[in-house]
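Trainee: Sharing a structure below in structure tokens format, with a few things to ask.
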Amino acid sequence: MKAAPTPSITLSHLTFSTKYSTSSNSHTFFSSKTNRFSLKRLTSLSLHVSSSHNAHVVVEDDLHAFLQILPCDLRDRLYNDSKRGQLLEVVLDLGRLPEARYQGELGGKYLRSTEVSTEELEYAQNAVGNFDGDNRAGIEGTLHRISAIRSRKGAIVGLTCRVGRAVSGHIDMVYDLLHYGKSILFVGRPGVGKTTVMREIARVLSDEFQKRVVIVDTSNEIGGDGDIPHAAIGNARRMQVPKPSLQHKVMIEAVENHMPEVIIVDEIGTEAEALACRSIAERGVMLIGTAHGEWLENIIKNPTLSDLIGGVETVTLGDEEARARRCQKSILERKAPPTFYFLIEMRERHYWVTHKIRRRDDQFKVVIGRWKAYDRHEI
């Protein structure tokens with residue numbers, strides 16, 4: 001049923017493709033000339049449900065626990081805010097006005113006319129607890145993330161309090177790709193929702209596909225803070241990482257010690273982690289990962305991460321081959337098979353790019369359209 005993939009890359013025209021055929025149709029993956037799909041903007045309070053006969057989306061944010069670490073006046077202001085379902089984060093910087101930022105809005109919104117005091121930062125710090133070496137902390141039993149900014153002397157002078165949400169039913173947009181059992185890399189800039197997708201994929205693969213899933217959770221963002229992982233990851237197991245610099249070692253440890261069928265890792269960012277990903281993929285384990293960037297082109301040109309999609313090398317063509325291709329004799333080609341078989345660009349929180357158009361209709365049904373080229377500067 002499955003034919004062997006045939007890779008090709010031509011960086012001068014920004015194309016990168018792998019053709020994969022089945023008995024009934026043919027798809028093109030790893031293409032910067034791919035298509036976009038959109039999700040209708042999802043609004044929610046503490047719990048929002050949208051459903052049809054084949055789609056059921058639930059958003060849970062546990063906002064009450066998040067508000068408890070904030071000063072009383074800010075807590076009351078946000079609790080009564082009609083837009084609290086779109087609350088993305090609250091920024092508390094010493095000597096500045098507290099600011100709330102919302103999904104889908106540029107800039108932020110000041111919450112009061114008085115500056116943040118040292119006492120208020122200390123209150124929030126005591127409510128959260130200790131910060132790790134990466135200056136991140138969480139609220140136990142929740143998915144919220146608190147990040148600190150320190151002075152040169154080590155004192156906390158700023159906090160970014162980010163709302164964590166569990167979204168069930170979100171990944172049915174790419175549900176069909178999970179059936180292939182191939183590794184998937186999600187690429188997007190910070191704040192676009194990559195971690196939320198990782199969390200839901202962990203639940204679907206462990207609960208619905210009955211696979212042995214292990215999450216390598218460096219900052220406890222996927223499974224939440226505390227020793228007991230959040231229910232949003234389903235039956236997936238979670239391995240915590242003592243220090244961010246040890247993530248690659250924990251990834252290999254997960255494979256060697258716990259016999260996973262799927263490894264999920266967030267924010268692949270170093271050469272050691274990229275090599276660990278290749279080692280895992282070569283052992284026959286399905287890998288789901290994320291990396292920062294907006295386009296496939298960003299990964300290709302990033303010397304640290306380019307190995308995730310096979311790497312790039314300079315090749316010298318013979319005269320006859322160069323004439324046949326109508327190109328220069330020195331060209332760039334992919335060096336090795338890609339670590340990840342699929343790549344999805346998360347261009348916006350509800351606007352992704354993949355090999356086919358994927359969107360939701362008014363009844364939240366997933367509609368997959370025909371492939372066509374797109375202009376990457378359009379979005």
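FYI, nothing fancy with the structure tokens labels: chains A, B, ... in order, residues from 1 per chain, ligands from 1 as they appear.
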List as a list in words the protein and nucleic acid residues near Gly158 of chain A, meaning an atom at most 10 Å away when only C-alpha atoms are counted, but skip any in the same chain fewer than 5 places from it.
Mentor: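 Within the cut-off, the hits are Val91, Leu92, Asp93, Leu94, Gly95, Arg96, Val116, Thr118, Leu121, Ser147, Ala148, Ile149, Arg150 and Ser151 of chain A.
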Trainee: Using only C-alpha atoms, tabulate the residues of segment 116-216 of chain A lying at most 9 Å from any atom of segment 334-354 of chain A, each with its closest atom pair and that distance in Å to one decimal, by chain and increasing residue number, as a Markdown table.
Mentor:
| residue | atom | partner | partner_atom | distance |
| --- | --- | --- | --- | --- |
| A:Leu177 | CA | A:Phe342 | CA | 8.3 |
| A:Lys182 | CA | A:Tyr341 | CA | 6.0 |
| A:Ser183 | CA | A:Phe340 | CA | 4.8 |
| A:Ile184 | CA | A:Phe342 | CA | 4.7 |
| A:Leu185 | CA | A:Leu343 | CA | 4.8 |
| A:Phe186 | CA | A:Ile344 | CA | 4.9 |
| A:Val187 | CA | A:Glu345 | CA | 4.9 |
| A:Gly188 | CA | A:Met346 | CA | 4.8 |
| A:Arg189 | CA | A:Arg347 | CA | 7.7 |
| A:Gly191 | CA | A:Arg349 | CA | 7.9 |
| A:Val192 | CA | A:Arg349 | CA | 4.6 |
| A:Gly193 | CA | A:Arg349 | CA | 5.7 |
| A:Lys194 | CA | A:Met346 | CA | 7.6 |
Trainee: When you look at Gly269 of chain A with a cut-off of 8 Å (counting only C-alpha atoms), what residues show up, excluding the ones that are within fewer than 2 positions of it in the same chain? I need them as a list in words.
Mentor: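 Here the qualifying residues turn out to be Glu267, Glu271, Glu273, Ala274, Ala291, His292, Thr304 and Leu305 of chain A.
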Trainee: Apply DSSP to the backbone of this structure and, from segment 169-303 of chain A, keep only the residues in strand (DSSP E); write these as an MDAnalysis selection string.
Mentor: chainID A and resid 184:188 213:217 237:240 262:265 286:292
Trainee: Out of A:Ile146, A:Val216, A:Cys327, A:Val174, which residue has the shortest atom-to-atom distance to Pro242 of chain A when counting only C-alpha atoms?
Mentor: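 Nearest candidate to Pro242 of chain A out of A:Ile146, A:Val216, A:Cys327, A:Val174: A:Val216.
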Trainee: Tell me, as a list in words, which residues lie within 7 Å of segment 202-210 of chain A, counting only C-alpha atoms; anything in the same chain fewer than 2 positions away does not count.
Mentor: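 Everything that qualifies: Met198, Arg199, Glu200, Arg212, Val213, Ala232, Ile233, Gly234, Asn235 and Ala236 of chain A.
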Trainee: List every residue of segment 120-284 of chain A that DSSP, applied to the backbone, labels as helix (DSSP H, G or I), and write the result as number ranges by chain.
Mentor: A: 120-128, 170-173, 175-178, 194-208, 231-233, 244-258, 271-282
Trainee: I'd like to know which of A:Thr218, A:Ser113, A:Gln328, A:Ser279 is closest to Ala137 of chain A, using only C-alpha atoms.
Mentor: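 Of all the options, A:Thr218 lies closest to Ala137 of chain A.
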Trainee: Using only C-alpha atoms, which residue out of A:Asn80, A:Ser219, A:Gln86, A:Thr290 lies closest to Asp134 of chain A?
Mentor: A:Ser219
Trainee: Rounded to one decimal in Å, what is the spacing between atom CA of Gly164 of chain A and atom CA of Asn302 of chain A?
Mentor: 28.9 Å
Trainee: Residues near Lys249 of chain A, anyone? I mean within 10 Å using only C-alpha atoms, not counting same-chain ones fewer than 6 positions away, as a ChimeraX atom specification.
Mentor: /A:241,272-273,276
Trainee: Could you check which of A:Ala124, A:Arg77, A:Gly289, A:Ala324 is closest to Tyr110 of chain A, using only C-alpha atoms?
Mentor: A:Arg77
